[in-house]
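Below is entry.cif, which holds mmCIF, C-alpha atoms.
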data_coords
#
loop_
_atom_site.group_PDB
_atom_site.id
_atom_site.type_symbol
_atom_site.label_atom_id
_atom_site.label_comp_id
_atom_site.auth_asym_id
_atom_site.auth_seq_id
_atom_site.Cartn_x
_atom_site.Cartn_y
_atom_site.Cartn_z
ATOM 1 C CA MET A 1 0.000 0.000 0.000
ATOM 2 C CA ASP A 2 2.887 2.398 0.729
ATOM 3 C CA ALA A 3 4.108 2.006 -2.864
ATOM 4 C CA LEU A 4 0.635 2.868 -4.157
ATOM 5 C CA VAL A 5 0.441 5.953 -1.931
ATOM 6 C CA ASP A 6 3.866 7.091 -3.173
ATOM 7 C CA LEU A 7 2.837 6.571 -6.795
ATOM 8 C CA ILE A 8 -0.315 8.623 -6.307
ATOM 9 C CA ALA A 9 1.702 11.412 -4.674
ATOM 10 C CA ASP A 10 4.285 11.397 -7.500
ATOM 11 C CA CYS A 11 1.601 11.571 -10.176
ATOM 12 C CA ARG A 12 -0.230 14.354 -8.336
ATOM 13 C CA ASP A 13 3.038 16.291 -8.062
ATOM 14 C CA LYS A 14 3.647 15.850 -11.772
ATOM 15 C CA ILE A 15 0.137 17.053 -12.620
ATOM 16 C CA GLU A 16 0.521 20.119 -10.375
ATOM 17 C CA ILE A 17 3.871 21.006 -11.924
ATOM 18 C CA LEU A 18 2.572 20.660 -15.479
ATOM 19 C CA ALA A 19 -0.482 22.760 -14.645
ATOM 20 C CA ALA A 20 1.769 25.461 -13.158
ATOM 21 C CA GLN A 21 3.745 25.458 -16.407
ATOM 22 C CA GLY A 22 0.561 25.832 -18.455
ATOM 23 C CA SER A 23 0.741 22.304 -19.893
ATOM 24 C CA ASP A 24 -2.277 20.013 -20.098
ATOM 25 C CA ALA A 25 -0.265 16.958 -21.157
ATOM 26 C CA TYR A 26 -1.874 14.945 -18.346
ATOM 27 C CA ALA A 27 -5.387 15.659 -19.683
ATOM 28 C CA GLN A 28 -4.342 14.910 -23.267
ATOM 29 C CA GLU A 29 -2.873 11.580 -22.137
ATOM 30 C CA VAL A 30 -6.235 10.650 -20.616
ATOM 31 C CA CYS A 31 -7.902 11.463 -23.955
ATOM 32 C CA ASN A 32 -5.329 9.345 -25.786
ATOM 33 C CA LEU A 33 -6.002 6.406 -23.477
ATOM 34 C CA LEU A 34 -9.761 6.737 -23.888
ATOM 35 C CA ALA A 35 -9.357 6.655 -27.662
ATOM 36 C CA ASP A 36 -7.997 3.108 -27.314
ATOM 37 C CA SER A 37 -10.681 0.687 -26.108
ATOM 38 C CA ASP A 38 -7.970 -1.580 -24.652
ATOM 39 C CA HIS A 39 -7.008 1.183 -22.200
ATOM 40 C CA GLU A 40 -10.423 2.366 -20.968
ATOM 41 C CA LEU A 41 -10.022 0.482 -17.699
ATOM 42 C CA ILE A 42 -6.602 2.086 -17.235
ATOM 43 C CA VAL A 43 -8.307 5.500 -17.301
ATOM 44 C CA LEU A 44 -10.901 4.304 -14.801
ATOM 45 C CA ALA A 45 -8.053 2.997 -12.621
ATOM 46 C CA LEU A 46 -6.427 6.443 -12.693
ATOM 47 C CA LEU A 47 -9.591 8.272 -11.790
ATOM 48 C CA VAL A 48 -10.254 6.186 -8.681
ATOM 49 C CA CYS A 49 -6.829 7.176 -7.328
ATOM 50 C CA PHE A 50 -7.248 10.919 -6.940
ATOM 51 C CA ASP A 51 -9.216 13.607 -5.147
ATOM 52 C CA LYS A 52 -11.992 15.501 -6.932
ATOM 53 C CA ARG A 53 -9.775 18.440 -7.915
ATOM 54 C CA THR A 54 -7.106 16.268 -9.535
ATOM 55 C CA THR A 55 -9.733 14.092 -11.213
ATOM 56 C CA ALA A 56 -11.344 17.208 -12.679
ATOM 57 C CA MET A 57 -7.961 18.270 -14.076
ATOM 58 C CA LEU A 58 -7.412 14.827 -15.630
ATOM 59 C CA THR A 59 -10.817 14.819 -17.320
ATOM 60 C CA ALA A 60 -10.782 18.476 -18.411
ATOM 61 C CA ALA A 61 -10.112 17.678 -22.071
ATOM 62 C CA ILE A 62 -12.516 14.786 -22.635
ATOM 63 C CA ASN A 63 -15.647 15.430 -24.673
ATOM 64 C CA ALA A 64 -19.251 14.636 -23.758
ATOM 65 C CA LYS A 65 -19.227 11.353 -25.679
ATOM 66 C CA GLN A 66 -16.077 10.156 -23.896
ATOM 67 C CA ALA A 67 -17.489 11.214 -20.521
ATOM 68 C CA GLU A 68 -20.679 9.263 -21.171
ATOM 69 C CA ALA A 69 -18.690 6.181 -22.242
ATOM 70 C CA LEU A 70 -16.622 6.445 -19.069
ATOM 71 C CA ILE A 71 -19.775 6.571 -16.923
ATOM 72 C CA VAL A 72 -21.157 3.510 -18.683
ATOM 73 C CA LEU A 73 -17.840 1.691 -18.210
ATOM 74 C CA ALA A 74 -17.805 2.485 -14.490
ATOM 75 C CA SER A 75 -21.391 1.347 -14.041
ATOM 76 C CA LYS A 76 -20.805 -2.136 -15.437
ATOM 77 C CA THR A 77 -20.656 -4.786 -12.745
ATOM 78 C CA GLY A 78 -17.133 -5.571 -11.612
ATOM 79 C CA ASN A 79 -15.387 -2.821 -13.568
ATOM 80 C CA LEU A 80 -14.662 -0.596 -10.575
ATOM 81 C CA GLN A 81 -13.179 -3.558 -8.722
ATOM 82 C CA ARG A 82 -11.049 -4.459 -11.743
ATOM 83 C CA ALA A 83 -9.965 -0.827 -12.061
ATOM 84 C CA ARG A 84 -8.838 -0.715 -8.435
ATOM 85 C CA GLY A 85 -6.720 -3.778 -9.087
ATOM 86 C CA LEU A 86 -5.036 -1.962 -11.979
ATOM 87 C CA ARG A 87 -4.114 1.182 -10.046
ATOM 88 C CA LYS A 88 -0.376 0.511 -9.700
ATOM 89 C CA ARG A 89 0.039 -0.355 -13.358
ATOM 90 C CA ALA A 90 -2.060 2.614 -14.455
ATOM 91 C CA LEU A 91 -0.092 5.073 -12.315
ATOM 92 C CA VAL A 92 3.303 3.795 -13.479
ATOM 93 C CA GLU A 93 2.327 3.905 -17.162
ATOM 94 C CA PHE A 94 0.660 7.308 -16.803
ATOM 95 C CA TYR A 95 3.618 8.865 -14.986
ATOM 96 C CA HIS A 96 6.142 7.724 -17.566
ATOM 97 C CA ALA A 97 3.876 8.869 -20.412
ATOM 98 C CA ILE A 98 3.730 12.461 -19.127
ATOM 99 C CA ALA A 99 7.074 12.707 -17.313
ATOM 100 C CA VAL A 100 9.085 14.340 -20.089
ATOM 101 C CA TYR A 101 6.625 17.242 -20.570
ATOM 102 C CA GLU A 102 7.756 18.786 -17.304
ATOM 103 C CA PHE A 103 11.185 19.315 -18.905
ATOM 104 C CA ALA A 104 9.974 20.342 -22.377
ATOM 105 C CA ASP A 105 11.953 23.608 -22.353
ATOM 106 C CA SER A 106 14.767 22.425 -20.087
ATOM 107 C CA PRO A 107 18.350 21.752 -21.210
ATOM 108 C CA LEU A 108 17.910 18.335 -19.576
ATOM 109 C CA VAL A 109 15.796 17.400 -22.607
ATOM 110 C CA LEU A 110 17.184 19.758 -25.211
ATOM 111 C CA GLN A 111 20.882 18.982 -24.636
ATOM 112 C CA LEU A 112 21.323 15.878 -22.483
ATOM 113 C CA PRO A 113 21.802 12.602 -24.422
ATOM 114 C CA GLN A 114 19.482 9.844 -23.185
ATOM 115 C CA HIS A 115 17.694 12.356 -20.997
ATOM 116 C CA GLU A 116 15.042 9.782 -19.992
ATOM 117 C CA ARG A 117 17.339 8.343 -17.330
ATOM 118 C CA ILE A 118 16.805 11.574 -15.398
ATOM 119 C CA THR A 119 13.600 13.099 -16.734
ATOM 120 C CA SER A 120 11.610 9.898 -16.139
ATOM 121 C CA LEU A 121 12.600 9.674 -12.469
ATOM 122 C CA MET A 122 9.963 9.987 -9.790
ATOM 123 C CA GLY A 123 10.097 12.603 -7.053
ATOM 124 C CA GLU A 124 12.225 10.831 -4.458
ATOM 125 C CA GLN A 125 14.636 9.548 -7.116
ATOM 126 C CA LEU A 126 15.020 13.012 -8.646
ATOM 127 C CA LYS A 127 15.689 14.471 -5.208
ATOM 128 C CA ASP A 128 18.469 11.909 -4.677
ATOM 129 C CA VAL A 129 20.049 12.833 -8.002
ATOM 130 C CA VAL A 130 19.978 16.550 -7.226
ATOM 131 C CA LEU A 131 21.573 15.996 -3.813
ATOM 132 C CA ASP A 132 24.242 13.836 -5.436
ATOM 133 C CA ILE A 133 25.283 16.519 -7.939
ATOM 134 C CA ALA A 134 28.793 17.887 -7.440
ATOM 135 C CA PRO A 135 28.567 21.244 -5.573
ATOM 136 C CA GLU A 136 30.017 23.248 -8.469
ATOM 137 C CA HIS A 137 27.155 22.073 -10.748
ATOM 138 C CA LEU A 138 24.263 22.164 -8.283
ATOM 139 C CA THR A 139 23.104 25.716 -9.040
ATOM 140 C CA ALA A 140 23.072 25.006 -12.779
ATOM 141 C CA MET A 141 21.092 21.828 -12.149
ATOM 142 C CA LEU A 142 18.470 23.696 -10.134
ATOM 143 C CA SER A 143 18.199 26.262 -12.938
ATOM 144 C CA CYS A 144 17.162 23.432 -15.268
ATOM 145 C CA LEU A 145 14.212 22.524 -13.043
ATOM 146 C CA SER A 146 10.926 24.351 -12.628
ATOM 147 C CA PRO A 147 10.502 26.452 -9.457
ATOM 148 C CA LEU A 148 7.694 24.190 -8.237
ATOM 149 C CA ARG A 149 9.826 21.074 -8.743
ATOM 150 C CA VAL A 150 12.671 22.658 -6.749
ATOM 151 C CA ALA A 151 10.215 23.549 -3.984
ATOM 152 C CA LYS A 152 8.954 19.958 -3.886
ATOM 153 C CA ILE A 153 12.526 18.607 -3.770
ATOM 154 C CA ILE A 154 13.364 20.846 -0.819
ATOM 155 C CA LYS A 155 10.190 19.723 0.925
ATOM 156 C CA ARG A 156 11.227 16.076 0.458
ATOM 157 C CA CYS A 157 14.607 16.598 2.170
ATOM 158 C CA GLN A 158 14.784 14.697 5.445
ATOM 159 C CA ASN A 159 17.389 16.852 7.155
ATOM 160 C CA ASP A 160 18.093 20.554 7.465
ATOM 161 C CA ARG A 161 21.595 20.238 6.004
ATOM 162 C CA ASP A 162 20.251 19.053 2.647
ATOM 163 C CA LYS A 163 17.658 21.813 2.662
ATOM 164 C CA GLN A 164 20.261 24.457 3.436
ATOM 165 C CA THR A 165 22.525 23.125 0.673
ATOM 166 C CA LEU A 166 19.758 23.552 -1.897
ATOM 167 C CA ILE A 167 18.688 26.952 -0.612
ATOM 168 C CA ALA A 168 22.284 28.204 -0.690
ATOM 169 C CA ALA A 169 22.657 26.979 -4.280
ATOM 170 C CA LEU A 170 19.475 28.836 -5.262
ATOM 171 C CA GLU A 171 20.903 32.169 -4.106
ATOM 172 C CA SER A 172 23.077 32.421 -7.225
ATOM 173 C CA VAL A 173 20.734 30.781 -9.732
ATOM 174 C CA CYS A 174 20.241 34.088 -11.542
ATOM 175 C CA LEU A 175 23.966 34.086 -12.355
ATOM 176 C CA VAL A 176 23.921 30.762 -14.216
ATOM 177 C CA SER A 177 25.320 31.171 -17.735
ATOM 178 C CA ASN A 178 25.032 29.074 -20.863
ATOM 179 C CA ARG A 179 28.568 27.897 -20.186
ATOM 180 C CA ASP A 180 27.516 26.682 -16.731
ATOM 181 C CA VAL A 181 24.689 24.682 -18.262
ATOM 182 C CA GLU A 182 26.998 23.206 -20.898
ATOM 183 C CA ASN A 183 29.400 22.126 -18.153
ATOM 184 C CA LEU A 184 26.496 20.562 -16.255
ATOM 185 C CA ILE A 185 25.331 18.610 -19.311
ATOM 186 C CA HIS A 186 28.865 17.336 -19.898
ATOM 187 C CA TYR A 187 29.129 16.388 -16.227
ATOM 188 C CA LEU A 188 25.806 14.504 -16.257
ATOM 189 C CA THR A 189 26.811 12.698 -19.450
ATOM 190 C CA VAL A 190 30.243 11.662 -18.193
ATOM 191 C CA GLU A 191 29.083 10.739 -14.694
ATOM 192 C CA GLN A 192 26.216 8.642 -16.059
ATOM 193 C CA PHE A 193 23.765 9.966 -13.533
ATOM 194 C CA PRO A 194 21.802 9.096 -11.521
ATOM 195 C CA ARG A 195 24.682 7.603 -9.512
ATOM 196 C CA ARG A 196 22.418 6.693 -6.614
ATOM 197 C CA GLN A 197 20.324 4.609 -8.990
ATOM 198 C CA LYS A 198 23.208 2.385 -10.119
ATOM 199 C CA VAL A 199 22.168 -1.247 -9.999
ATOM 200 C CA SER A 200 23.991 -3.930 -8.047
ATOM 201 C CA LYS A 201 25.654 -6.873 -9.753
ATOM 202 C CA ALA A 202 22.595 -8.994 -9.004
ATOM 203 C CA GLN A 203 20.185 -6.400 -10.432
ATOM 204 C CA TYR A 204 22.285 -6.057 -13.582
ATOM 205 C CA LEU A 205 22.395 -9.816 -14.127
ATOM 206 C CA ALA A 206 18.672 -10.063 -13.427
ATOM 207 C CA LYS A 207 17.928 -7.554 -16.180
ATOM 208 C CA ILE A 208 19.922 -9.719 -18.585
ATOM 209 C CA LEU A 209 18.215 -12.921 -17.454
ATOM 210 C CA ASN A 210 14.751 -11.441 -17.827
ATOM 211 C CA ASN A 211 15.477 -10.706 -21.490
ATOM 212 C CA LEU A 212 16.751 -14.191 -22.381
ATOM 213 C CA ASP A 213 14.705 -17.159 -23.470
ATOM 214 C CA ARG A 214 14.390 -20.063 -21.048
ATOM 215 C CA GLN A 215 17.248 -22.158 -22.440
ATOM 216 C CA GLU A 216 19.700 -19.242 -22.430
ATOM 217 C CA SER A 217 18.670 -18.093 -18.941
ATOM 218 C CA ASP A 218 19.044 -21.639 -17.589
ATOM 219 C CA GLN A 219 22.577 -21.809 -19.001
ATOM 220 C CA LEU A 220 23.538 -18.488 -17.421
ATOM 221 C CA LEU A 221 21.998 -19.447 -14.078
ATOM 222 C CA LEU A 222 23.946 -22.687 -14.137
ATOM 223 C CA ALA A 223 27.178 -20.728 -14.617
ATOM 224 C CA LEU A 224 26.281 -18.310 -11.816
ATOM 225 C CA ARG A 225 25.683 -21.020 -9.230
ATOM 226 C CA THR A 226 29.412 -20.958 -8.466
ATOM 227 C CA ASP A 227 28.785 -17.613 -6.702
ATOM 228 C CA PRO A 228 26.232 -18.379 -3.951
ATOM 229 C CA VAL A 229 26.125 -14.770 -2.712
ATOM 230 C CA VAL A 230 25.070 -13.406 -6.095
ATOM 231 C CA MET A 231 22.609 -16.264 -6.560
ATOM 232 C CA LYS A 232 20.946 -15.429 -3.254
ATOM 233 C CA GLU A 233 20.656 -11.759 -4.247
ATOM 234 C CA LEU A 234 19.334 -12.708 -7.677
ATOM 235 C CA ASP A 235 16.310 -14.322 -6.073
ATOM 236 C CA ASN A 236 15.135 -10.807 -5.185
ATOM 237 C CA TYR A 237 15.274 -9.581 -8.763
ATOM 238 C CA ILE A 238 14.652 -12.343 -11.302
ATOM 239 C CA PHE A 239 11.149 -13.221 -12.340
ATOM 240 C CA PRO A 240 10.921 -16.226 -14.635
ATOM 241 C CA PHE A 241 7.413 -16.215 -16.071
ATOM 242 C CA ALA A 242 6.673 -19.480 -14.246
ATOM 243 C CA GLN A 243 7.072 -17.550 -10.988
ATOM 244 C CA ILE A 244 3.682 -16.020 -11.673
ATOM 245 C CA THR A 245 2.258 -19.205 -10.146
ATOM 246 C CA ALA A 246 3.461 -17.937 -6.742
ATOM 247 C CA LEU A 247 1.038 -15.020 -6.932
ATOM 248 C CA GLN A 248 -2.499 -15.110 -5.645
ATOM 249 C CA ALA A 249 -5.237 -15.691 -8.221
ATOM 250 C CA SER A 250 -6.501 -12.128 -7.726
ATOM 251 C CA GLN A 251 -3.014 -10.761 -8.447
ATOM 252 C CA ILE A 252 -2.702 -12.801 -11.648
ATOM 253 C CA ALA A 253 -6.164 -11.660 -12.712
ATOM 254 C CA GLU A 254 -5.089 -8.053 -12.095
ATOM 255 C CA ILE A 255 -2.130 -8.412 -14.452
ATOM 256 C CA PHE A 256 -4.328 -9.674 -17.296
ATOM 257 C CA ALA A 257 -7.457 -7.691 -16.428
ATOM 258 C CA ASP A 258 -7.517 -5.439 -19.500
ATOM 259 C CA CYS A 259 -5.857 -7.845 -21.952
ATOM 260 C CA PRO A 260 -7.840 -9.285 -24.881
ATOM 261 C CA ASP A 261 -8.318 -13.069 -24.830
ATOM 262 C CA LYS A 262 -6.002 -13.497 -27.811
ATOM 263 C CA ARG A 263 -3.137 -11.667 -26.143
ATOM 264 C CA ILE A 264 -3.451 -13.726 -22.956
ATOM 265 C CA ALA A 265 -3.416 -16.908 -25.046
ATOM 266 C CA GLU A 266 -0.316 -15.741 -26.904
ATOM 267 C CA THR A 267 1.393 -14.876 -23.604
ATOM 268 C CA ILE A 268 0.885 -18.288 -21.982
ATOM 269 C CA PHE A 269 1.300 -20.209 -25.261
ATOM 270 C CA THR A 270 4.876 -21.377 -24.528
ATOM 271 C CA ALA A 271 4.427 -21.672 -20.746
ATOM 272 C CA ASP A 272 4.371 -25.055 -19.031
ATOM 273 C CA THR A 273 1.029 -26.669 -18.217
ATOM 274 C CA ILE A 274 1.086 -25.699 -14.529
ATOM 275 C CA THR A 275 1.715 -22.053 -15.371
ATOM 276 C CA GLN A 276 -0.965 -22.047 -18.067
ATOM 277 C CA ASN A 277 -3.504 -23.541 -15.673
ATOM 278 C CA SER A 278 -2.610 -21.059 -12.925
ATOM 279 C CA VAL A 279 -3.290 -18.152 -15.257
ATOM 280 C CA LEU A 280 -6.469 -19.672 -16.686
ATOM 281 C CA GLU A 281 -7.908 -20.525 -13.274
ATOM 282 C CA SER A 282 -7.386 -16.955 -12.093
ATOM 283 C CA LEU A 283 -9.513 -15.498 -14.893
ATOM 284 C CA PRO A 284 -13.274 -14.918 -14.769
ATOM 285 C CA GLU A 285 -15.081 -17.794 -16.474
ATOM 286 C CA PRO A 286 -16.116 -15.970 -19.691
ATOM 287 C CA GLN A 287 -12.552 -14.743 -20.180
ATOM 288 C CA ARG A 288 -11.110 -18.169 -19.329
ATOM 289 C CA LEU A 289 -13.284 -19.833 -21.965
ATOM 290 C CA GLY A 290 -12.248 -17.225 -24.530
ATOM 291 C CA VAL A 291 -8.555 -17.733 -23.805
ATOM 292 C CA ARG A 292 -8.895 -21.528 -24.044
ATOM 293 C CA LYS A 293 -10.540 -21.120 -27.437
ATOM 294 C CA GLU A 294 -7.745 -18.839 -28.645
ATOM 295 C CA LEU A 295 -5.135 -21.340 -27.441
ATOM 296 C CA THR A 296 -6.612 -24.042 -29.675
ATOM 297 C CA LEU A 297 -5.998 -21.789 -32.687
ATOM 298 C CA LEU A 298 -2.252 -21.502 -32.033
ATOM 299 C CA THR A 299 0.161 -24.012 -33.537
ATOM 300 C CA ASP A 300 3.295 -25.395 -31.863
ATOM 301 C CA ASP A 301 5.487 -24.964 -34.945
ATOM 302 C CA ASP A 302 4.779 -21.256 -35.443
ATOM 303 C CA GLU A 303 8.211 -19.746 -34.752
ATOM 304 C CA GLU A 304 6.983 -16.167 -34.935
ATOM 305 C CA MET A 305 4.301 -16.907 -32.365
ATOM 306 C CA ILE A 306 6.852 -18.576 -30.089
ATOM 307 C CA LYS A 307 9.011 -15.432 -30.255
ATOM 308 C CA ARG A 308 5.977 -13.231 -29.589
ATOM 309 C CA SER A 309 5.022 -15.368 -26.601
ATOM 310 C CA THR A 310 8.519 -14.968 -25.161
ATOM 311 C CA LEU A 311 8.378 -11.191 -25.611
ATOM 312 C CA LEU A 312 4.970 -10.978 -23.958
ATOM 313 C CA GLN A 313 6.159 -13.088 -21.039
ATOM 314 C CA ASN A 314 9.232 -10.873 -20.672
ATOM 315 C CA SER A 315 7.009 -7.798 -20.494
ATOM 316 C CA ILE A 316 5.065 -9.391 -17.625
ATOM 317 C CA CYS A 317 8.332 -10.245 -15.859
ATOM 318 C CA LYS A 318 9.582 -6.668 -16.226
ATOM 319 C CA TYR A 319 6.281 -5.350 -14.868
ATOM 320 C CA LEU A 320 6.580 -7.599 -11.797
ATOM 321 C CA GLN A 321 10.177 -6.487 -11.356
ATOM 322 C CA SER A 322 9.174 -2.816 -11.517
ATOM 323 C CA MET A 323 6.576 -3.396 -8.811
ATOM 324 C CA VAL A 324 9.207 -4.871 -6.512
ATOM 325 C CA ALA A 325 11.530 -1.952 -7.237
ATOM 326 C CA LEU A 326 8.818 0.458 -6.064
ATOM 327 C CA ARG A 327 8.565 -1.148 -2.632
ATOM 328 C CA PRO A 328 9.979 1.051 0.121
#

Conversion result in structure tokens:
Amino acid sequence: MDALVDLIADCRDKIEILAAQGSDAYAQEVCNLLADSDHELIVLALLVCFDKRTTAMLTAAINAKQAEALIVLASKTGNLQRARGLRKRALVEFYHAIAVYEFADSPLVLQLPQHERITSLMGEQLKDVVLDIAPEHLTAMLSCLSPLRVAKIIKRCQNDRDKQTLIAALESVCLVSNRDVENLIHYLTVEQFPRRQKVSKAQYLAKILNNLDRQESDQLLLALRTDPVVMKELDNYIFPFAQITALQASQIAEIFADCPDKRIAETIFTADTITQNSVLESLPEPQRLGVRKELTLLTDDDEEMIKRSTLLQNSICKYLQSMVALRP
């Protein structure tokens, strides 16, 4: 629950900052999601997360037809419950979809290569990066952020020393030159920030494993078993698709809640029988019957489908991994 509360707070912060900048990217993203029938429940999941004021901001750009469709969607039996189960996923996807708009006019987007590694960070992560900046570049860094974002970063600081460091750096922000910003961009590029977000050996290996097919990952795991310490740490990060069987049925159903029957069938196509049954048994009966029917249409010798199934399973694994990473 703490992770969900933090996600809601981060998204609300982002919405407030964009609104202060005169951007309605958050409202346009809601419209974009509503235009895709596969994402209607994601919108409903977002709307059940926020207070009335924030909800009104999110729905400001939708038209009467979309509003009516949303009301109908919410009134259908079980949809609100399904939407609540999708809140974490909806918030993560929504945040990353609108994150970059906060920095639309900032050198962090305009000049920094691979800016997403900083501009996509959530509030606490961005605060850590700012506090980790070398003192000679801190003022330039703050100049690249909106005033409201800087205020929120200061508010997040746990001790007075960090707050005083930021406030002192702000005193000379009006003196920042283009050269200062260029030096900052070079520094961020060379230092490969955020340094505090660097992954451990186990996390790095887990990211590799989660992108390999089963045979390749088994071979790598076999080689790694000579290092019991790393293997123990890996257990916290790797998510073979079969590990989905360790989840509760309601959690599995949440993952596949807004997926078409065909996509679910394609996802579990190459899974073992136990894993397939665990997924199927978690689904509502009409959906389960639809997925079973779709499975009968898939053929074992379709190499393209086998590759697609692996990719879909990897996306589920990465989603589960991201949820663990958000735990306090």

Give as an MDAnalysis selection string the set of residues within 8 Å of the point (-9.4, -5.5, -13.2), where distances use the file's coordinates and all atoms listed in the file. chainID A and resid 41 78:86 253:258

With the PyMOL selection byres ((chain A and resi 123) around 9) as the selection, what would be picked from this file? Answer as a PyMOL selection string, please. chain A and resi 9-10+13-14+121-122+124-128+149+152-153+156

Would you list the contacts of Thr59 in chain A as JSON, numbers by chain, taking every protein, DNA or RNA residue within 10 Å and counting only C-alpha atoms, but skipping same-chain residues closer than 4 positions in sequence? {"A": [26, 27, 28, 29, 30, 31, 43, 47, 54, 55, 63, 66, 67]}

Find the residues near Glu40 in chain A: any atom within 10 Å, counting all atoms listed in the file, skip ones fewer than 2 places away on the same chain, and give them as a VMD selection string. chain A and resid 30 to 38 42 to 45 69 to 70 73 to 74 83 258

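In this structure, CA of Tyr187 in chain A sits 26.0 Å away from CA of Gln158 in chain A.
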
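Taking CA of Glu16 in chain A as the reference point, CA of Ala56 in chain A is found at 12.4 Å.
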
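Each of A:Ser282, A:Thr139, A:Thr299, A:Ser309 was checked against Thr267 in chain A using only C-alpha atoms; the smallest atom-to-atom distance is that of A:Ser309.
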
What is the distance, in Å and to one decimal place, between CA of Ile244 in chain A and CA of Ser120 in chain A?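 Between CA of Ile244 in chain A and CA of Ser120 in chain A the gap is 27.5 Å.
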
Running the PyMOL selection byres ((chain A and resi 102) around 10) on this model by hand, what would come out? Give it as a ChimeraX atom specification. /A:14-15,17-21,23,25,98-101,103-106,109,119-120,145-146,149

Under the PyMOL selection byres ((chain A and resi 186) around 12), which residues of this model are included? Write them out as a list in words.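 Selected by the PyMOL selection byres ((chain A and resi 186) around 12) in this file: Pro107, Leu108, Gln111, Leu112, Pro113, His137, Ala140, Met141, Arg179, Asp180, Val181, Glu182, Asn183, Leu184, Ile185, Tyr187, Leu188, Thr189, Val190, Glu191, Gln192 and Phe193 of chain A.
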
Could you take the residues named above and write them with C-alpha atoms, as an mmCIF file, in the coordinates of the input?
data_model
loop_
_atom_site.group_PDB
_atom_site.id
_atom_site.type_symbol
_atom_site.label_atom_id
_atom_site.label_comp_id
_atom_site.auth_asym_id
_atom_site.auth_seq_id
_atom_site.Cartn_x
_atom_site.Cartn_y
_atom_site.Cartn_z
ATOM 1 C CA PRO A 107 18.350 21.752 -21.210
ATOM 2 C CA LEU A 108 17.910 18.335 -19.576
ATOM 3 C CA GLN A 111 20.882 18.982 -24.636
ATOM 4 C CA LEU A 112 21.323 15.878 -22.483
ATOM 5 C CA PRO A 113 21.802 12.602 -24.422
ATOM 6 C CA HIS A 137 27.155 22.073 -10.748
ATOM 7 C CA ALA A 140 23.072 25.006 -12.779
ATOM 8 C CA MET A 141 21.092 21.828 -12.149
ATOM 9 C CA ARG A 179 28.568 27.897 -20.186
ATOM 10 C CA ASP A 180 27.516 26.682 -16.731
ATOM 11 C CA VAL A 181 24.689 24.682 -18.262
ATOM 12 C CA GLU A 182 26.998 23.206 -20.898
ATOM 13 C CA ASN A 183 29.400 22.126 -18.153
ATOM 14 C CA LEU A 184 26.496 20.562 -16.255
ATOM 15 C CA ILE A 185 25.331 18.610 -19.311
ATOM 16 C CA TYR A 187 29.129 16.388 -16.227
ATOM 17 C CA LEU A 188 25.806 14.504 -16.257
ATOM 18 C CA THR A 189 26.811 12.698 -19.450
ATOM 19 C CA VAL A 190 30.243 11.662 -18.193
ATOM 20 C CA GLU A 191 29.083 10.739 -14.694
ATOM 21 C CA GLN A 192 26.216 8.642 -16.059
ATOM 22 C CA PHE A 193 23.765 9.966 -13.533
#

Where is the centre and how long are the edges: axis-aligned box on range 109-124 of chain A, 6 Å on each side, Å to one decimal, as lines of an AutoDock Vina configuration file:
center_x = 15.9
center_y = 14.1
center_z = -14.8
size_x = 23.8
size_y = 23.4
size_z = 32.8

Contacts of Gln313 in chain A at 12 Å (only C-alpha atoms; same-chain gap of 5+ positions) as a PyMOL selection string: chain A and resi 210-214+239-244+255-256+263-271+275-276+306-308+318-320

Starting from the block above, write range 142-148 of chain A out to a file with N, CA, C and O atoms, as a compact mmCIF listing (two decimals), in the first residue's frame, please.
# COMPACT_ATOMS: atom_id res chain seq x y z
N LEU A 142 19.73 23.13 -10.63
CA LEU A 142 18.47 23.70 -10.13
C LEU A 142 17.86 24.65 -11.16
O LEU A 142 16.63 24.76 -11.27
N SER A 143 18.71 25.33 -11.93
CA SER A 143 18.20 26.26 -12.94
C SER A 143 17.49 25.53 -14.08
O SER A 143 16.71 26.14 -14.81
N CYS A 144 17.78 24.23 -14.21
CA CYS A 144 17.16 23.43 -15.27
C CYS A 144 15.82 22.83 -14.84
O CYS A 144 15.14 22.18 -15.63
N LEU A 145 15.46 23.05 -13.58
CA LEU A 145 14.21 22.52 -13.04
C LEU A 145 13.22 23.66 -12.84
O LEU A 145 13.60 24.81 -12.64
N SER A 146 11.94 23.33 -12.86
CA SER A 146 10.93 24.35 -12.63
C SER A 146 10.94 24.76 -11.16
O SER A 146 11.32 23.97 -10.28
N PRO A 147 10.52 25.99 -10.86
CA PRO A 147 10.50 26.45 -9.46
C PRO A 147 9.67 25.54 -8.55
O PRO A 147 10.08 25.26 -7.42
N LEU A 148 8.54 25.05 -9.06
CA LEU A 148 7.69 24.19 -8.24
C LEU A 148 8.38 22.85 -7.97
O LEU A 148 8.27 22.30 -6.87
